[in-house]
Amino acid sequence: MSAVTSDDVLIPPGGGIGLADVFRRRYLLSLIVRKEVQIRYRGSVLGWLWSYVKPLVQFAVFYLAIGVFLGMNGRVEFFPLYLLSGITIVTFFNEAFTNGTRSLVDNAALIKKIYLPREMFPVASMMIAGVNILPQIAVLVVIALFFGWVPSVLHIAALLLALVIIASLATGLGLLFGAINVTFRDAQSFVEIITMCAVWASPVMYQWEMVADKMPDWLFVAYRLNPLTASVELFHYGIWYPLGPTGGQLIPDMWLYAGIAALISLVILFVGQLVFRRLEGRFAQDL
């Protein structure tokens with residue numbers, strides 16, 4: 001017996017065409033995203049307001065604890081914005097990657113009962129993380145406007161490119177580790193280590209010059225090849241750099257490495273899909 005798609009193409013039961021199948025079922029994907037976003041704030045008095053309160057509190061803490069007490073405000077102009085813009089993009093990556101890894105296990109009951117493209121769960125996790133990060137980006141933009149932020153089209157393009165790179169990277173890794181996590185739950189612990197190191201593996205808490213001064217040239221090149229490094233610097237370019245900080249420098253060849261980061265992210269997305277499809281047949285059994 002075969003299942004029939006909307007295009008009347010016969011495919012094996014439980015089969016599909018990967019990520020393309022997910023976006024052919026956009027309505028179902030939107031239902032999953034909407035349900036998860038609503039669950040996050042269910043029973044909360046302030047609801048969505050918490051999404052705006054958290055980045056405001058983060059900004060105040062960074063300004064006082066790191067900026068004033070540790071003296072970074074004097075070393076890096078507009079340091080709280082520099083820090084918050086980097087943390088925003090890393091938070092998007094960490095949430096999308098972590099939830100994508102757990103998404104299949106968390107939806108085990110649904111996966112065992114009915115057929116739907118299993119890739120939908122990591123993709124939905126990435127989209128949910130994107131929805132959750134929007135208020136933080138909004139707060140970041142408002143604070144930047146207060147300090148005199150006047151972006152150009154290129155600055156906005158840099159922000160969008162960073163989000164696309166992270167969305168592709170997190171989805172690819174979510175597919176890869178999510179598929180492995182079905183059989184080997186150690187994958188979740190491994191992902192926790194990766195996300196814990198992510199904020200330090202890119203110039204969020206520090207400037208890239210500190211890395212360049214301590215590393216040999218070949219290792220600094222490897223550092224710049226990290227898609228997170230390119231994405232963080234794109235966000236710095238879009239938010240922090242237009243404010244004209246004194247002595248503020250962008251990482252060398254930023255646009256070149258941003259292009260390489262986009263390519264690496266697409267390769268990881270492709271590999272994640274291949275591994276996912278290879279292991280998909282065991283999901284119902286192992287769950």
# chains A, B, ... in the order shown; residues from 1 in each chain; ligands from 1
$ residues_around --residues "Val150 of chain A" --least-positions-apart "4" --cutoff "8 Å" --atoms "only C-alpha atoms" --output "PyMOL selection string"
chain A and resi 145+242-243
$ write_last_selection --atoms "N, CA, C and O atoms" --output "short mmCIF file (atom, residue, chain, number, x, y, z; two decimals), in the first residue's frame"
data_model
loop_
_atom_site.label_atom_id
_atom_site.label_comp_id
_atom_site.auth_asym_id
_atom_site.auth_seq_id
_atom_site.Cartn_x
_atom_site.Cartn_y
_atom_site.Cartn_z
N LEU A 145 18.85 52.73 18.82
CA LEU A 145 18.28 53.97 18.33
C LEU A 145 18.43 55.09 19.36
O LEU A 145 18.68 56.25 19.02
N PRO A 242 27.67 51.01 13.34
CA PRO A 242 27.12 52.28 12.85
C PRO A 242 27.15 53.41 13.88
O PRO A 242 27.03 54.58 13.51
N LEU A 243 27.30 53.07 15.16
CA LEU A 243 27.37 54.10 16.19
C LEU A 243 28.70 54.82 16.18
O LEU A 243 28.89 55.81 16.89
#
$ residues_around --residues "Ala158 of chain A" --least-positions-apart "3" --cutoff "8 Å" --atoms "only C-alpha atoms" --output "PyMOL selection string"
chain A and resi 154-155+161-162+234-235+237-238
$ residues_around --residues "Ala144 of chain A" --least-positions-apart "6" --cutoff "10 Å" --atoms "only C-alpha atoms" --output "NGL selection string"
:A and (78 or 81 or 85 or 138 or 150-151 or 239-240 or 242-243)
$ write_last_selection --atoms "N, CA and C atoms" --output "short mmCIF file (atom, residue, chain, number, x, y, z; two decimals), in the first residue's frame"
data_model
loop_
_atom_site.label_atom_id
_atom_site.label_comp_id
_atom_site.auth_asym_id
_atom_site.auth_seq_id
_atom_site.Cartn_x
_atom_site.Cartn_y
_atom_site.Cartn_z
N PHE A 78 30.34 51.92 23.81
CA PHE A 78 29.04 51.26 23.63
C PHE A 78 29.16 49.76 23.90
N LEU A 81 26.03 47.42 24.20
CA LEU A 81 25.42 47.08 22.91
C LEU A 81 26.26 46.05 22.15
N SER A 85 24.45 42.53 21.43
CA SER A 85 24.24 42.13 20.04
C SER A 85 24.88 40.75 19.77
N ALA A 138 14.24 43.35 19.01
CA ALA A 138 13.50 44.61 19.08
C ALA A 138 14.05 45.51 20.17
N VAL A 150 21.90 54.81 13.21
CA VAL A 150 21.32 55.13 11.90
C VAL A 150 21.88 54.12 10.91
N PRO A 151 21.18 53.03 10.69
CA PRO A 151 21.72 51.95 9.84
C PRO A 151 21.54 52.25 8.35
N ILE A 239 24.69 46.53 14.27
CA ILE A 239 24.16 47.25 15.43
C ILE A 239 25.19 48.19 16.05
N TRP A 240 26.36 47.69 16.32
CA TRP A 240 27.36 48.43 17.10
C TRP A 240 28.20 49.36 16.23
N PRO A 242 27.67 51.01 13.34
CA PRO A 242 27.12 52.28 12.85
C PRO A 242 27.15 53.41 13.88
N LEU A 243 27.30 53.07 15.16
CA LEU A 243 27.37 54.10 16.19
C LEU A 243 28.70 54.82 16.18
#
$ closest_residue --among "A:Glu192, A:Val164, A:Phe184, A:Met215" --to "Leu263 of chain A" --atoms "only C-alpha atoms"
A:Val164
$ select_by_dssp --residues "segment 111-283 of chain A" --states "alpha helix (DSSP H)" --output "VMD selection string"
chain A and resid 111 to 113 120 to 146 153 to 183 186 to 198 208 to 214 217 to 225 227 to 235 254 to 279 283
$ closest_residue --among "A:Leu104, A:Leu228, A:Ile264, A:Leu116" --to "Phe276 of chain A" --atoms "only C-alpha atoms"
A:Leu104
$ atom_distance --atom1 "atom CA of Trp208 of chain A" --atom2 "atom CA of Thr229 of chain A"
9.1 Å
$ closest_atom_pairs --of "segment 144-211 of chain A" --to "segment 119-130 of chain A" --cutoff "9 Å" --atoms "only C-alpha atoms" --output "Markdown table"
| residue | atom | partner | partner_atom | distance |
| --- | --- | --- | --- | --- |
| A:Leu163 | CA | A:Gly130 | CA | 8.6 |
| A:Ala167 | CA | A:Met126 | CA | 6.5 |
| A:Ser168 | CA | A:Met126 | CA | 8.9 |
| A:Ala170 | CA | A:Met126 | CA | 6.9 |
| A:Thr171 | CA | A:Val123 | CA | 6.0 |
| A:Gly172 | CA | A:Pro122 | CA | 8.6 |
| A:Gly174 | CA | A:Pro122 | CA | 5.6 |
| A:Leu175 | CA | A:Pro122 | CA | 6.0 |
| A:Gly178 | CA | A:Pro122 | CA | 7.4 |
$ residues_around --residues "Lys54 of chain A" --least-positions-apart "4" --cutoff "12 Å" --atoms "only C-alpha atoms" --output "PyMOL selection string"
chain A and resi 46+48-50+58-61+84+88+132-133+135-137+139-140
$ write_last_selection --atoms "C-alpha atoms" --output "CSV table (one decimal), in the first residue's frame"
chain,number,residue,atom,x,y,z
A,46,LEU,CA,2.9,39.0,32.0
A,48,TRP,CA,5.0,38.1,26.1
A,49,LEU,CA,6.2,41.0,28.3
A,50,TRP,CA,8.8,38.6,29.8
A,58,GLN,CA,20.5,41.7,30.6
A,59,PHE,CA,21.4,45.1,29.3
A,60,ALA,CA,21.3,46.6,32.8
A,61,VAL,CA,23.4,43.7,34.3
A,84,LEU,CA,24.1,42.3,23.8
A,88,THR,CA,21.5,37.8,20.9
A,132,ASN,CA,11.5,33.9,20.8
A,133,ILE,CA,14.5,36.0,19.8
A,135,PRO,CA,11.7,40.6,21.2
A,136,GLN,CA,15.3,40.6,22.1
A,137,ILE,CA,16.3,42.0,18.7
A,139,VAL,CA,14.9,45.7,22.5
A,140,LEU,CA,18.4,45.8,21.0
$ closest_residue --among "A:Val131, A:Val90, A:Leu225, A:Met72" --to "Glu36 of chain A" --atoms "only C-alpha atoms"
A:Val131
$ residues_around --residues "Ile251 of chain A" --least-positions-apart "3" --cutoff "10 Å" --atoms "only C-alpha atoms" --output "PyMOL selection string"
chain A and resi 203+207-209+212+224+229-230+233-234+237+248+254-255+257
$ write_last_selection --atoms "all heavy atoms" --output "compact mmCIF listing (two decimals), in the first residue's frame"
# COMPACT_ATOMS: atom_id res chain seq x y z
N PRO A 203 33.60 36.29 19.26
CA PRO A 203 33.89 37.54 19.97
C PRO A 203 32.65 38.20 20.57
O PRO A 203 32.15 39.21 20.06
CB PRO A 203 34.52 38.41 18.88
CG PRO A 203 33.92 37.91 17.61
CD PRO A 203 33.74 36.42 17.80
N GLN A 207 36.87 41.28 22.35
CA GLN A 207 37.05 41.70 20.96
C GLN A 207 38.01 40.75 20.25
O GLN A 207 38.89 40.15 20.87
CB GLN A 207 37.58 43.13 20.90
CG GLN A 207 36.55 44.17 21.33
CD GLN A 207 37.04 45.59 21.13
OE1 GLN A 207 37.95 46.03 21.84
NE2 GLN A 207 36.44 46.32 20.20
N TRP A 208 37.85 40.66 18.95
CA TRP A 208 38.64 39.70 18.19
C TRP A 208 40.14 40.00 18.25
O TRP A 208 40.96 39.09 18.10
CB TRP A 208 38.18 39.68 16.72
CG TRP A 208 38.37 40.98 15.98
CD1 TRP A 208 37.45 41.96 15.79
CD2 TRP A 208 39.57 41.43 15.33
NE1 TRP A 208 37.98 43.00 15.08
CE2 TRP A 208 39.29 42.70 14.77
CE3 TRP A 208 40.84 40.89 15.15
CZ2 TRP A 208 40.24 43.43 14.07
CZ3 TRP A 208 41.79 41.62 14.45
CH2 TRP A 208 41.48 42.87 13.91
N GLU A 209 40.51 41.27 18.49
CA GLU A 209 41.93 41.61 18.57
C GLU A 209 42.65 40.83 19.66
O GLU A 209 43.84 40.52 19.54
CB GLU A 209 42.11 43.11 18.81
CG GLU A 209 41.71 44.00 17.66
CD GLU A 209 40.28 44.47 17.75
OE1 GLU A 209 39.48 43.82 18.45
OE2 GLU A 209 39.93 45.48 17.10
N ALA A 212 43.55 37.56 18.10
CA ALA A 212 44.61 37.72 17.09
C ALA A 212 45.98 37.91 17.74
O ALA A 212 46.99 37.45 17.21
CB ALA A 212 44.29 38.90 16.18
N ARG A 224 38.21 32.41 12.51
CA ARG A 224 37.32 33.19 11.65
C ARG A 224 36.44 32.30 10.78
O ARG A 224 35.39 32.74 10.30
CB ARG A 224 38.15 34.13 10.76
CG ARG A 224 38.67 35.35 11.50
CD ARG A 224 39.41 36.30 10.58
NE ARG A 224 40.73 35.78 10.22
CZ ARG A 224 41.52 36.35 9.31
NH1 ARG A 224 41.11 37.44 8.65
NH2 ARG A 224 42.70 35.83 9.05
N THR A 229 31.45 32.97 14.69
CA THR A 229 32.29 34.17 14.69
C THR A 229 31.83 35.14 13.62
O THR A 229 31.66 36.34 13.88
CB THR A 229 33.77 33.80 14.45
OG1 THR A 229 34.23 32.97 15.52
CG2 THR A 229 34.64 35.04 14.38
N ALA A 230 31.60 34.64 12.42
CA ALA A 230 31.14 35.50 11.33
C ALA A 230 29.78 36.11 11.64
O ALA A 230 29.55 37.31 11.40
CB ALA A 230 31.07 34.70 10.03
N GLU A 233 30.06 38.85 14.32
CA GLU A 233 30.65 40.07 13.75
C GLU A 233 29.68 40.78 12.80
O GLU A 233 29.68 42.01 12.70
CB GLU A 233 31.96 39.74 13.03
CG GLU A 233 33.13 39.56 13.97
CD GLU A 233 33.48 40.85 14.71
OE1 GLU A 233 34.12 41.74 14.12
OE2 GLU A 233 33.09 40.97 15.89
N LEU A 234 28.86 40.03 12.09
CA LEU A 234 27.83 40.65 11.25
C LEU A 234 26.83 41.42 12.11
O LEU A 234 26.39 42.52 11.73
CB LEU A 234 27.10 39.58 10.43
CG LEU A 234 27.86 39.00 9.23
CD1 LEU A 234 27.13 37.78 8.67
CD2 LEU A 234 28.05 40.05 8.14
N TYR A 237 28.52 44.50 13.21
CA TYR A 237 28.55 45.44 12.10
C TYR A 237 27.20 46.13 11.91
O TYR A 237 27.12 47.33 11.61
CB TYR A 237 28.94 44.72 10.81
CG TYR A 237 28.90 45.59 9.57
CD1 TYR A 237 29.89 46.54 9.34
CD2 TYR A 237 27.87 45.46 8.65
CE1 TYR A 237 29.85 47.35 8.21
CE2 TYR A 237 27.82 46.25 7.51
CZ TYR A 237 28.82 47.20 7.30
OH TYR A 237 28.76 47.99 6.19
N GLY A 248 36.78 51.23 17.14
CA GLY A 248 36.05 50.03 16.82
C GLY A 248 36.45 49.47 15.47
O GLY A 248 36.39 50.16 14.46
N MET A 254 35.80 40.38 6.89
CA MET A 254 34.54 39.94 7.47
C MET A 254 33.57 39.39 6.42
O MET A 254 32.98 38.32 6.60
CB MET A 254 33.87 41.09 8.22
CG MET A 254 32.57 40.70 8.92
SD MET A 254 31.60 42.13 9.45
CE MET A 254 30.96 42.72 7.87
N TRP A 255 33.42 40.10 5.30
CA TRP A 255 32.46 39.67 4.30
C TRP A 255 32.89 38.37 3.62
O TRP A 255 32.04 37.52 3.29
CB TRP A 255 32.25 40.77 3.26
CG TRP A 255 31.48 41.93 3.81
CD1 TRP A 255 31.96 43.16 4.12
CD2 TRP A 255 30.09 41.95 4.14
NE1 TRP A 255 30.96 43.95 4.63
CE2 TRP A 255 29.80 43.25 4.64
CE3 TRP A 255 29.06 41.02 4.06
CZ2 TRP A 255 28.53 43.62 5.06
CZ3 TRP A 255 27.78 41.38 4.47
CH2 TRP A 255 27.53 42.67 4.96
N TYR A 257 34.63 35.93 5.06
CA TYR A 257 34.36 34.84 6.00
C TYR A 257 32.87 34.66 6.26
O TYR A 257 32.42 33.56 6.59
CB TYR A 257 35.13 35.08 7.30
CG TYR A 257 36.59 34.75 7.17
CD1 TYR A 257 37.53 35.73 6.88
CD2 TYR A 257 37.04 33.45 7.28
CE1 TYR A 257 38.87 35.43 6.72
CE2 TYR A 257 38.39 33.12 7.14
CZ TYR A 257 39.30 34.12 6.85
OH TYR A 257 40.62 33.81 6.69
$ atom_distance --atom1 "atom CA of His236 of chain A" --atom2 "atom CA of Tyr206 of chain A"
12.0 Å
$ closest_residue --among "A:Val199, A:Pro252, A:Val232, A:Thr101" --to "Asp186 of chain A" --atoms "only C-alpha atoms"
A:Thr101
$ closest_residue --among "A:Ser152, A:Ser231, A:Gln249, A:Ser103" --to "Val182 of chain A" --atoms "only C-alpha atoms"
A:Ser103
$ decode --residues "segment 189-221 of chain A" --atoms "N, CA, C and O atoms" --output "mmCIF file, in the first residue's frame"
data_model
loop_
_atom_site.group_PDB
_atom_site.id
_atom_site.type_symbol
_atom_site.label_atom_id
_atom_site.label_comp_id
_atom_site.auth_asym_id
_atom_site.auth_seq_id
_atom_site.Cartn_x
_atom_site.Cartn_y
_atom_site.Cartn_z
ATOM 1 N N SER A 189 23.887 15.669 26.092
ATOM 2 C CA SER A 189 24.942 16.167 26.973
ATOM 3 C C SER A 189 26.073 16.780 26.164
ATOM 4 O O SER A 189 26.654 17.801 26.557
ATOM 5 N N PHE A 190 26.379 16.175 25.026
ATOM 6 C CA PHE A 190 27.422 16.710 24.156
ATOM 7 C C PHE A 190 27.019 18.081 23.622
ATOM 8 O O PHE A 190 27.835 19.001 23.549
ATOM 9 N N VAL A 191 25.754 18.220 23.258
ATOM 10 C CA VAL A 191 25.245 19.491 22.756
ATOM 11 C C VAL A 191 25.303 20.564 23.839
ATOM 12 O O VAL A 191 25.603 21.729 23.560
ATOM 13 N N GLU A 192 25.023 20.192 25.066
ATOM 14 C CA GLU A 192 25.108 21.157 26.170
ATOM 15 C C GLU A 192 26.515 21.717 26.308
ATOM 16 O O GLU A 192 26.701 22.904 26.599
ATOM 17 N N ILE A 193 27.511 20.872 26.096
ATOM 18 C CA ILE A 193 28.901 21.341 26.159
ATOM 19 C C ILE A 193 29.189 22.306 25.013
ATOM 20 O O ILE A 193 29.826 23.347 25.196
ATOM 21 N N ILE A 194 28.703 21.964 23.810
ATOM 22 C CA ILE A 194 28.917 22.836 22.652
ATOM 23 C C ILE A 194 28.292 24.202 22.880
ATOM 24 O O ILE A 194 28.914 25.244 22.645
ATOM 25 N N THR A 195 27.047 24.233 23.340
ATOM 26 C CA THR A 195 26.367 25.506 23.540
ATOM 27 C C THR A 195 26.987 26.312 24.687
ATOM 28 O O THR A 195 26.984 27.541 24.655
ATOM 29 N N MET A 196 27.518 25.610 25.681
ATOM 30 C CA MET A 196 28.190 26.304 26.778
ATOM 31 C C MET A 196 29.447 27.014 26.274
ATOM 32 O O MET A 196 29.773 28.124 26.710
ATOM 33 N N CYS A 197 30.141 26.382 25.325
ATOM 34 C CA CYS A 197 31.375 26.959 24.782
ATOM 35 C C CYS A 197 31.106 27.983 23.676
ATOM 36 O O CYS A 197 32.004 28.771 23.350
ATOM 37 N N ALA A 198 29.890 27.976 23.113
ATOM 38 C CA ALA A 198 29.600 28.810 21.946
ATOM 39 C C ALA A 198 29.836 30.283 22.210
ATOM 40 O O ALA A 198 30.361 31.009 21.361
ATOM 41 N N VAL A 199 29.450 30.745 23.399
ATOM 42 C CA VAL A 199 29.579 32.169 23.698
ATOM 43 C C VAL A 199 31.039 32.601 23.806
ATOM 44 O O VAL A 199 31.370 33.775 23.605
ATOM 45 N N TRP A 200 31.937 31.648 24.095
ATOM 46 C CA TRP A 200 33.364 31.952 24.210
ATOM 47 C C TRP A 200 34.124 31.645 22.927
ATOM 48 O O TRP A 200 35.273 32.076 22.770
ATOM 49 N N ALA A 201 33.497 30.924 22.004
ATOM 50 C CA ALA A 201 34.163 30.562 20.756
ATOM 51 C C ALA A 201 34.026 31.639 19.694
ATOM 52 O O ALA A 201 34.500 31.473 18.574
ATOM 53 N N SER A 202 33.399 32.742 20.046
ATOM 54 C CA SER A 202 33.206 33.865 19.126
ATOM 55 C C SER A 202 33.349 35.164 19.921
ATOM 56 O O SER A 202 33.230 35.160 21.148
ATOM 57 N N PRO A 203 33.601 36.286 19.260
ATOM 58 C CA PRO A 203 33.887 37.542 19.972
ATOM 59 C C PRO A 203 32.650 38.202 20.567
ATOM 60 O O PRO A 203 32.149 39.211 20.063
ATOM 61 N N VAL A 204 32.140 37.606 21.630
ATOM 62 C CA VAL A 204 30.971 38.139 22.323
ATOM 63 C C VAL A 204 31.400 38.905 23.566
ATOM 64 O O VAL A 204 31.098 40.091 23.725
ATOM 65 N N MET A 205 32.106 38.239 24.454
ATOM 66 C CA MET A 205 32.545 38.837 25.713
ATOM 67 C C MET A 205 33.857 39.605 25.565
ATOM 68 O O MET A 205 34.328 40.220 26.512
ATOM 69 N N TYR A 206 34.443 39.509 24.412
ATOM 70 C CA TYR A 206 35.756 40.122 24.186
ATOM 71 C C TYR A 206 35.816 40.583 22.732
ATOM 72 O O TYR A 206 34.907 40.298 21.938
ATOM 73 N N GLN A 207 36.867 41.278 22.345
ATOM 74 C CA GLN A 207 37.051 41.697 20.961
ATOM 75 C C GLN A 207 38.013 40.751 20.251
ATOM 76 O O GLN A 207 38.889 40.145 20.874
ATOM 77 N N TRP A 208 37.851 40.661 18.948
ATOM 78 C CA TRP A 208 38.641 39.700 18.186
ATOM 79 C C TRP A 208 40.137 39.995 18.251
ATOM 80 O O TRP A 208 40.960 39.088 18.101
ATOM 81 N N GLU A 209 40.511 41.271 18.493
ATOM 82 C CA GLU A 209 41.934 41.611 18.566
ATOM 83 C C GLU A 209 42.655 40.832 19.660
ATOM 84 O O GLU A 209 43.840 40.522 19.536
ATOM 85 N N MET A 210 41.936 40.515 20.743
ATOM 86 C CA MET A 210 42.532 39.755 21.841
ATOM 87 C C MET A 210 42.915 38.350 21.384
ATOM 88 O O MET A 210 43.919 37.789 21.831
ATOM 89 N N VAL A 211 42.124 37.798 20.485
ATOM 90 C CA VAL A 211 42.415 36.468 19.934
ATOM 91 C C VAL A 211 43.585 36.550 18.964
ATOM 92 O O VAL A 211 44.501 35.723 18.995
ATOM 93 N N ALA A 212 43.551 37.563 18.095
ATOM 94 C CA ALA A 212 44.609 37.724 17.095
ATOM 95 C C ALA A 212 45.980 37.911 17.737
ATOM 96 O O ALA A 212 46.994 37.451 17.209
ATOM 97 N N ASP A 213 46.012 38.587 18.900
ATOM 98 C CA ASP A 213 47.275 38.842 19.580
ATOM 99 C C ASP A 213 47.879 37.582 20.206
ATOM 100 O O ASP A 213 49.094 37.500 20.401
ATOM 101 N N LYS A 214 47.031 36.615 20.525
ATOM 102 C CA LYS A 214 47.489 35.423 21.255
ATOM 103 C C LYS A 214 47.640 34.189 20.379
ATOM 104 O O LYS A 214 48.333 33.247 20.744
ATOM 105 N N MET A 215 46.987 34.173 19.225
ATOM 106 C CA MET A 215 46.975 32.977 18.389
ATOM 107 C C MET A 215 47.934 33.106 17.210
ATOM 108 O O MET A 215 48.131 34.207 16.689
ATOM 109 N N PRO A 216 48.514 31.985 16.753
ATOM 110 C CA PRO A 216 49.256 32.017 15.478
ATOM 111 C C PRO A 216 48.288 32.278 14.333
ATOM 112 O O PRO A 216 47.078 32.072 14.465
ATOM 113 N N ASP A 217 48.816 32.707 13.199
ATOM 114 C CA ASP A 217 47.971 33.115 12.074
ATOM 115 C C ASP A 217 47.029 32.006 11.611
ATOM 116 O O ASP A 217 45.851 32.249 11.336
ATOM 117 N N TRP A 218 47.540 30.774 11.526
ATOM 118 C CA TRP A 218 46.706 29.685 11.014
ATOM 119 C C TRP A 218 45.531 29.390 11.948
ATOM 120 O O TRP A 218 44.424 29.064 11.495
ATOM 121 N N LEU A 219 45.745 29.546 13.260
ATOM 122 C CA LEU A 219 44.673 29.292 14.212
ATOM 123 C C LEU A 219 43.652 30.429 14.207
ATOM 124 O O LEU A 219 42.448 30.205 14.400
ATOM 125 N N PHE A 220 44.128 31.650 13.933
ATOM 126 C CA PHE A 220 43.213 32.782 13.824
ATOM 127 C C PHE A 220 42.331 32.638 12.583
ATOM 128 O O PHE A 220 41.164 33.032 12.592
ATOM 129 N N VAL A 221 42.879 32.064 11.526
ATOM 130 C CA VAL A 221 42.076 31.785 10.334
ATOM 131 C C VAL A 221 40.981 30.769 10.674
ATOM 132 O O VAL A 221 39.813 30.932 10.288
#
